[in-house]
file target-v1.tsv (TSV, C-alpha atoms and all ligand atoms)
chain	number	residue	atom	x	y	z
U	1	MET	CA	-8.40	0.94	-24.90
U	2	ALA	CA	-11.33	0.83	-22.55
U	3	LYS	CA	-10.47	1.02	-18.91
U	4	LYS	CA	-12.23	-1.62	-16.88
U	5	GLU	CA	-13.55	-0.37	-13.61
U	6	SER	CA	-15.18	-2.65	-11.10
U	7	GLU	CA	-16.51	-1.21	-7.92
U	8	ASN	CA	-15.14	-2.31	-4.58
U	9	THR	CA	-12.53	-4.44	-6.22
U	10	ILE	CA	-8.96	-3.95	-5.23
U	11	LYS	CA	-6.82	-3.83	-8.29
U	12	GLN	CA	-4.15	-6.35	-7.57
U	13	ARG	CA	-2.08	-5.66	-10.62
U	14	THR	CA	-1.50	-2.09	-9.61
U	15	THR	CA	2.14	-1.21	-9.79
U	16	PRO	CA	3.78	1.57	-7.84
U	17	GLU	CA	4.45	4.92	-9.42
U	18	LYS	CA	8.02	6.13	-9.60
U	19	ARG	CA	7.78	8.30	-6.50
U	20	GLU	CA	5.98	5.57	-4.60
U	21	LEU	CA	8.74	3.17	-5.54
U	22	ALA	CA	11.32	5.52	-4.09
U	23	MET	CA	9.35	5.65	-0.84
U	24	ILE	CA	8.96	1.87	-0.83
U	25	GLU	CA	12.70	1.41	-1.20
U	26	GLY	CA	13.32	3.82	1.64
U	27	ILE	CA	10.85	2.02	3.90
U	28	LEU	CA	12.36	-1.37	3.12
U	29	GLU	CA	15.83	-0.12	3.86
U	30	GLY	CA	14.65	0.68	7.34
U	31	SER	CA	12.85	-2.62	7.90
U	32	PRO	CA	15.01	-5.66	7.19
U	33	ASP	CA	12.12	-8.00	8.09
U	34	GLY	CA	9.86	-6.48	5.46
U	35	ILE	CA	8.74	-8.79	2.68
U	36	GLY	CA	6.43	-6.23	1.12
U	37	VAL	CA	5.02	-2.76	1.47
U	38	VAL	CA	1.35	-1.96	1.58
U	39	VAL	CA	0.55	1.16	-0.44
U	40	VAL	CA	-2.68	3.01	0.19
U	41	ARG	CA	-3.72	5.82	-2.13
U	42	LEU	CA	-6.16	8.31	-0.70
U	43	ASN	CA	-8.62	10.43	-2.64
U	44	CYS	CA	-6.86	13.60	-1.56
U	45	GLY	CA	-3.60	12.55	-3.20
U	46	CYS	CA	-1.78	11.58	-0.02
U	47	ARG	CA	-0.27	8.13	0.41
U	48	LYS	CA	-0.05	5.81	3.35
U	49	MET	CA	2.55	3.04	3.45
U	50	ALA	CA	3.99	0.49	5.82
U	51	SER	CA	6.17	-2.53	5.37
U	52	LEU	CA	4.90	-5.97	6.33
U	53	ASP	CA	6.67	-8.96	7.75
U	54	LYS	CA	6.06	-12.56	6.68
U	55	ASP	CA	2.99	-12.79	8.93
U	56	GLY	CA	1.42	-9.68	7.51
U	57	GLU	CA	2.25	-7.70	10.63
U	58	PRO	CA	3.58	-4.16	10.28
U	59	ALA	CA	7.37	-4.20	10.07
U	60	SER	CA	7.69	-0.44	10.08
U	61	LYS	CA	5.86	2.64	11.23
U	62	ILE	CA	3.02	3.77	9.01
U	63	ILE	CA	4.36	6.50	6.77
U	64	MET	CA	2.09	9.14	5.34
U	65	TYR	CA	3.26	11.60	2.74
U	66	ARG	CA	2.10	13.82	-0.04
U	67	ASP	CA	3.95	14.35	-3.29
U	68	GLU	CA	5.76	17.64	-3.56
U	69	ALA	CA	4.44	18.82	-0.24
U	70	GLU	CA	6.10	19.25	3.10
U	71	SER	CA	3.27	17.59	4.92
U	72	ILE	CA	0.08	15.64	4.38
U	73	CYS	CA	-3.14	17.55	3.74
U	74	ALA	CA	-5.38	19.03	6.40
U	75	GLN	CA	-7.97	16.30	5.97
U	76	CYS	CA	-5.45	13.53	6.55
U	77	LYS	CA	-4.17	15.32	9.62
U	78	GLU	CA	-7.71	15.22	10.89
U	79	ASP	CA	-8.80	11.69	9.98
U	80	ASN	CA	-5.40	10.05	9.54
U	81	GLY	CA	-6.30	8.82	6.07
U	82	ALA	CA	-9.67	7.27	6.82
U	83	PHE	CA	-10.50	3.98	5.16
U	84	MET	CA	-13.52	5.45	3.36
U	85	ARG	CA	-11.25	7.80	1.44
U	86	VAL	CA	-9.02	5.05	0.10
U	87	THR	CA	-9.07	4.92	-3.68
U	88	GLU	CA	-6.60	2.12	-4.18
U	89	SER	CA	-4.55	-0.18	-2.04
U	90	PHE	CA	-2.11	-2.90	-2.93
U	91	ILE	CA	0.95	-4.68	-1.68
U	92	HIS	CA	4.27	-4.33	-3.40
U	93	TRP	CA	6.20	-7.55	-2.77
U	94	VAL	CA	9.92	-7.73	-2.35
U	95	GLU	CA	11.57	-10.07	-4.84
U	96	PRO	CA	11.50	-12.99	-4.59
U	97	ALA	CA	7.82	-12.60	-3.79
U	98	PRO	CA	6.24	-15.04	-1.33
U	99	SER	CA	4.12	-17.92	-2.57
U	100	ALA	CA	0.71	-17.15	-4.04
U	101	GLU	CA	-0.87	-18.68	-0.98
U	102	GLN	CA	1.10	-16.49	1.39
U	103	GLN	CA	0.38	-13.44	-0.73
U	104	ARG	CA	-3.31	-14.23	-0.54
U	105	ASP	CA	-3.26	-14.76	3.22
U	106	ILE	CA	-1.44	-11.50	3.81
U	107	SER	CA	-3.65	-9.59	1.38
U	108	VAL	CA	-6.76	-10.80	3.17
U	109	LYS	CA	-5.29	-9.86	6.51
U	110	VAL	CA	-4.02	-6.45	5.48
U	111	LEU	CA	-6.40	-5.31	2.75
U	112	GLY	CA	-9.43	-7.37	3.65
U	113	SER	CA	-9.71	-9.14	0.32
U	114	ALA	CA	-7.85	-11.71	-1.70
U	115	PRO	CA	-6.11	-10.95	-4.97
U	116	VAL	CA	-8.18	-11.66	-8.04
U	117	ASN	CA	-6.18	-13.33	-10.76
J	1	ZN	ZN	-4.50	13.87	2.38

call {"tool": "encode", "arguments": {"input": "target-v1.tsv", "output": "structure tokens", "more": "lines below"}}
Ligand SMILES: [Zn+2]
result
Amino acid sequence: MAKKESENTIKQRTTPEKRELAMIEGILEGSPDGIGVVVVRLNCGCRKMASLDKDGEPASKIIMYRDEAESICAQCKEDNGAFMRVTESFIHWVEPAPSAEQQRDISVKVLGSAPVN
């Protein structure tokens, strides 16, 4: 199976990995207003996440973590996970997910581009 790669396109069908899902659940537990969690994967392996409310505003603090590490890497400590190092970003919606229109609006606001279906 050939893997399609398109530059500068946010993969909207990305699904969270198991560990990410555990983090997402933890974040949502702490933010009752959250309707989704934005997941940002950085090229160093660290992750950045925050829950979003129905207006696409942050509903939690931004969480940064690194798998199997006590803290994020030195580079992230320095640049706080700079946008240019983002490899993938997507929103994991809480079920029931908002309408396609609302998802699009929030995606544009948060990720800077609309989902491609
Ligand atoms: Zn890092």

call {"tool": "atom_distance", "arguments": {"input": "target-v1.tsv", "atom1": "CA of Met64 in chain U", "atom2": "CA of Arg104 in chain U"}}
result
24.7 Å

call {"tool": "closest_atom_pairs", "arguments": {"input": "target-v1.tsv", "of": "chain U", "to": "ligand ZN 1 (chain J)", "cutoff": "8 Å", "atoms": "all atoms listed in the file", "output": "JSON lines"}}
result
{"residue": "U:Leu42", "atom": "CA", "partner": "J:ZN1", "partner_atom": "ZN", "distance": 6.6}
{"residue": "U:Asn43", "atom": "CA", "partner": "J:ZN1", "partner_atom": "ZN", "distance": 7.3}
{"residue": "U:Cys44", "atom": "CA", "partner": "J:ZN1", "partner_atom": "ZN", "distance": 4.6}
{"residue": "U:Gly45", "atom": "CA", "partner": "J:ZN1", "partner_atom": "ZN", "distance": 5.8}
{"residue": "U:Cys46", "atom": "CA", "partner": "J:ZN1", "partner_atom": "ZN", "distance": 4.3}
{"residue": "U:Arg47", "atom": "CA", "partner": "J:ZN1", "partner_atom": "ZN", "distance": 7.4}
{"residue": "U:Arg66", "atom": "CA", "partner": "J:ZN1", "partner_atom": "ZN", "distance": 7.0}
{"residue": "U:Ile72", "atom": "CA", "partner": "J:ZN1", "partner_atom": "ZN", "distance": 5.3}
{"residue": "U:Cys73", "atom": "CA", "partner": "J:ZN1", "partner_atom": "ZN", "distance": 4.2}
{"residue": "U:Ala74", "atom": "CA", "partner": "J:ZN1", "partner_atom": "ZN", "distance": 6.6}
{"residue": "U:Gln75", "atom": "CA", "partner": "J:ZN1", "partner_atom": "ZN", "distance": 5.6}
{"residue": "U:Cys76", "atom": "CA", "partner": "J:ZN1", "partner_atom": "ZN", "distance": 4.3}
{"residue": "U:Lys77", "atom": "CA", "partner": "J:ZN1", "partner_atom": "ZN", "distance": 7.4}
{"residue": "U:Gly81", "atom": "CA", "partner": "J:ZN1", "partner_atom": "ZN", "distance": 6.5}

call {"tool": "closest_residue", "arguments": {"input": "target-v1.tsv", "among": "U:Ile63, U:Val38, U:Ala82, U:Ala69", "to": "Val94 in chain U", "atoms": "all atoms listed in the file"}}
result
U:Val38

call {"tool": "residues_near_point", "arguments": {"input": "target-v1.tsv", "point": "(8.2, -7.7, 4.4)", "cutoff": "9 Å", "atoms": "all atoms listed in the file", "output": "VMD selection string"}}
result
chain U and resid 28 31 to 37 51 to 59 93 to 94

call {"tool": "closest_residue", "arguments": {"input": "target-v1.tsv", "among": "U:Gly112, U:Val39, U:Gly30, U:Ile24", "to": "Ser89 in chain U", "atoms": "only C-alpha atoms"}}
result
U:Val39

call {"tool": "atom_distance", "arguments": {"input": "target-v1.tsv", "atom1": "CA of Met23 in chain U", "atom2": "CA of Asp105 in chain U"}}
result
24.3 Å

call {"tool": "atom_distance", "arguments": {"input": "target-v1.tsv", "atom1": "CA of Thr15 in chain U", "atom2": "CA of Phe90 in chain U"}}
result
8.2 Å

call {"tool": "decode", "arguments": {"input": "target-v1.tsv", "residues": "range 37-69 of chain U", "atoms": "N, CA and C atoms", "output": "compact mmCIF listing (two decimals), in the first residue's frame"}}
result
# COMPACT_ATOMS: atom_id res chain seq x y z
N VAL U 37 -10.05 17.87 21.58
CA VAL U 37 -8.69 18.15 22.02
C VAL U 37 -7.82 18.29 20.77
N VAL U 38 -7.08 19.37 20.72
CA VAL U 38 -6.16 19.54 19.61
C VAL U 38 -4.85 18.84 19.98
N VAL U 39 -4.37 18.02 19.05
CA VAL U 39 -3.16 17.25 19.27
C VAL U 39 -2.12 17.73 18.26
N VAL U 40 -0.98 18.14 18.76
CA VAL U 40 0.09 18.61 17.89
C VAL U 40 1.29 17.71 18.10
N ARG U 41 1.74 17.10 17.02
CA ARG U 41 2.93 16.25 17.09
C ARG U 41 4.12 17.04 16.58
N LEU U 42 5.18 17.02 17.34
CA LEU U 42 6.37 17.78 16.97
C LEU U 42 7.45 16.83 16.45
N ASN U 43 8.34 17.38 15.65
CA ASN U 43 9.34 16.53 14.99
C ASN U 43 10.36 15.93 15.94
N CYS U 44 10.34 16.37 17.18
CA CYS U 44 11.26 15.82 18.17
C CYS U 44 10.62 14.65 18.93
N GLY U 45 9.33 14.43 18.71
CA GLY U 45 8.65 13.34 19.39
C GLY U 45 7.78 13.81 20.55
N CYS U 46 7.90 15.06 20.92
CA CYS U 46 7.04 15.59 21.98
C CYS U 46 5.65 15.87 21.41
N ARG U 47 4.71 16.04 22.32
CA ARG U 47 3.33 16.32 21.93
C ARG U 47 2.84 17.54 22.68
N LYS U 48 1.95 18.26 22.03
CA LYS U 48 1.34 19.43 22.63
C LYS U 48 -0.16 19.21 22.51
N MET U 49 -0.89 19.42 23.58
CA MET U 49 -2.34 19.21 23.52
C MET U 49 -3.07 20.24 24.36
N ALA U 50 -4.29 20.53 23.96
CA ALA U 50 -5.16 21.38 24.77
C ALA U 50 -6.59 21.09 24.38
N SER U 51 -7.48 21.16 25.32
CA SER U 51 -8.88 20.95 24.96
C SER U 51 -9.46 22.27 24.46
N LEU U 52 -10.54 22.14 23.69
CA LEU U 52 -11.18 23.30 23.07
C LEU U 52 -12.63 23.34 23.49
N ASP U 53 -13.15 24.55 23.64
CA ASP U 53 -14.59 24.64 23.91
C ASP U 53 -15.33 24.81 22.58
N LYS U 54 -16.64 24.99 22.65
CA LYS U 54 -17.45 25.01 21.43
C LYS U 54 -17.12 26.16 20.50
N ASP U 55 -16.42 27.17 21.00
CA ASP U 55 -16.02 28.30 20.15
C ASP U 55 -14.59 28.16 19.63
N GLY U 56 -13.98 27.04 19.94
CA GLY U 56 -12.61 26.84 19.51
C GLY U 56 -11.60 27.53 20.40
N GLU U 57 -12.08 27.98 21.58
CA GLU U 57 -11.16 28.61 22.53
C GLU U 57 -10.58 27.52 23.43
N PRO U 58 -9.37 27.74 23.92
CA PRO U 58 -8.78 26.73 24.81
C PRO U 58 -9.65 26.53 26.05
N ALA U 59 -9.92 25.27 26.38
CA ALA U 59 -10.71 24.97 27.56
C ALA U 59 -9.83 24.35 28.65
N SER U 60 -8.55 24.28 28.36
CA SER U 60 -7.61 23.77 29.36
C SER U 60 -6.27 24.44 29.12
N LYS U 61 -5.35 24.19 30.03
CA LYS U 61 -3.98 24.64 29.81
C LYS U 61 -3.40 23.83 28.65
N ILE U 62 -2.40 24.38 28.01
CA ILE U 62 -1.69 23.60 26.99
C ILE U 62 -0.76 22.62 27.72
N ILE U 63 -0.92 21.36 27.38
CA ILE U 63 -0.10 20.33 28.00
C ILE U 63 0.98 19.91 27.01
N MET U 64 2.19 19.83 27.49
CA MET U 64 3.25 19.28 26.63
C MET U 64 3.83 18.08 27.34
N TYR U 65 4.09 17.03 26.59
CA TYR U 65 4.68 15.85 27.21
C TYR U 65 5.48 15.07 26.18
N ARG U 66 6.23 14.15 26.68
CA ARG U 66 7.05 13.31 25.83
C ARG U 66 6.89 11.88 26.34
N ASP U 67 6.63 10.97 25.43
CA ASP U 67 6.44 9.58 25.81
C ASP U 67 7.64 9.04 26.58
N GLU U 68 7.34 8.34 27.64
CA GLU U 68 8.38 7.64 28.40
C GLU U 68 9.52 8.54 28.82
N ALA U 69 9.19 9.79 29.07
CA ALA U 69 10.21 10.71 29.56
C ALA U 69 9.59 11.54 30.67
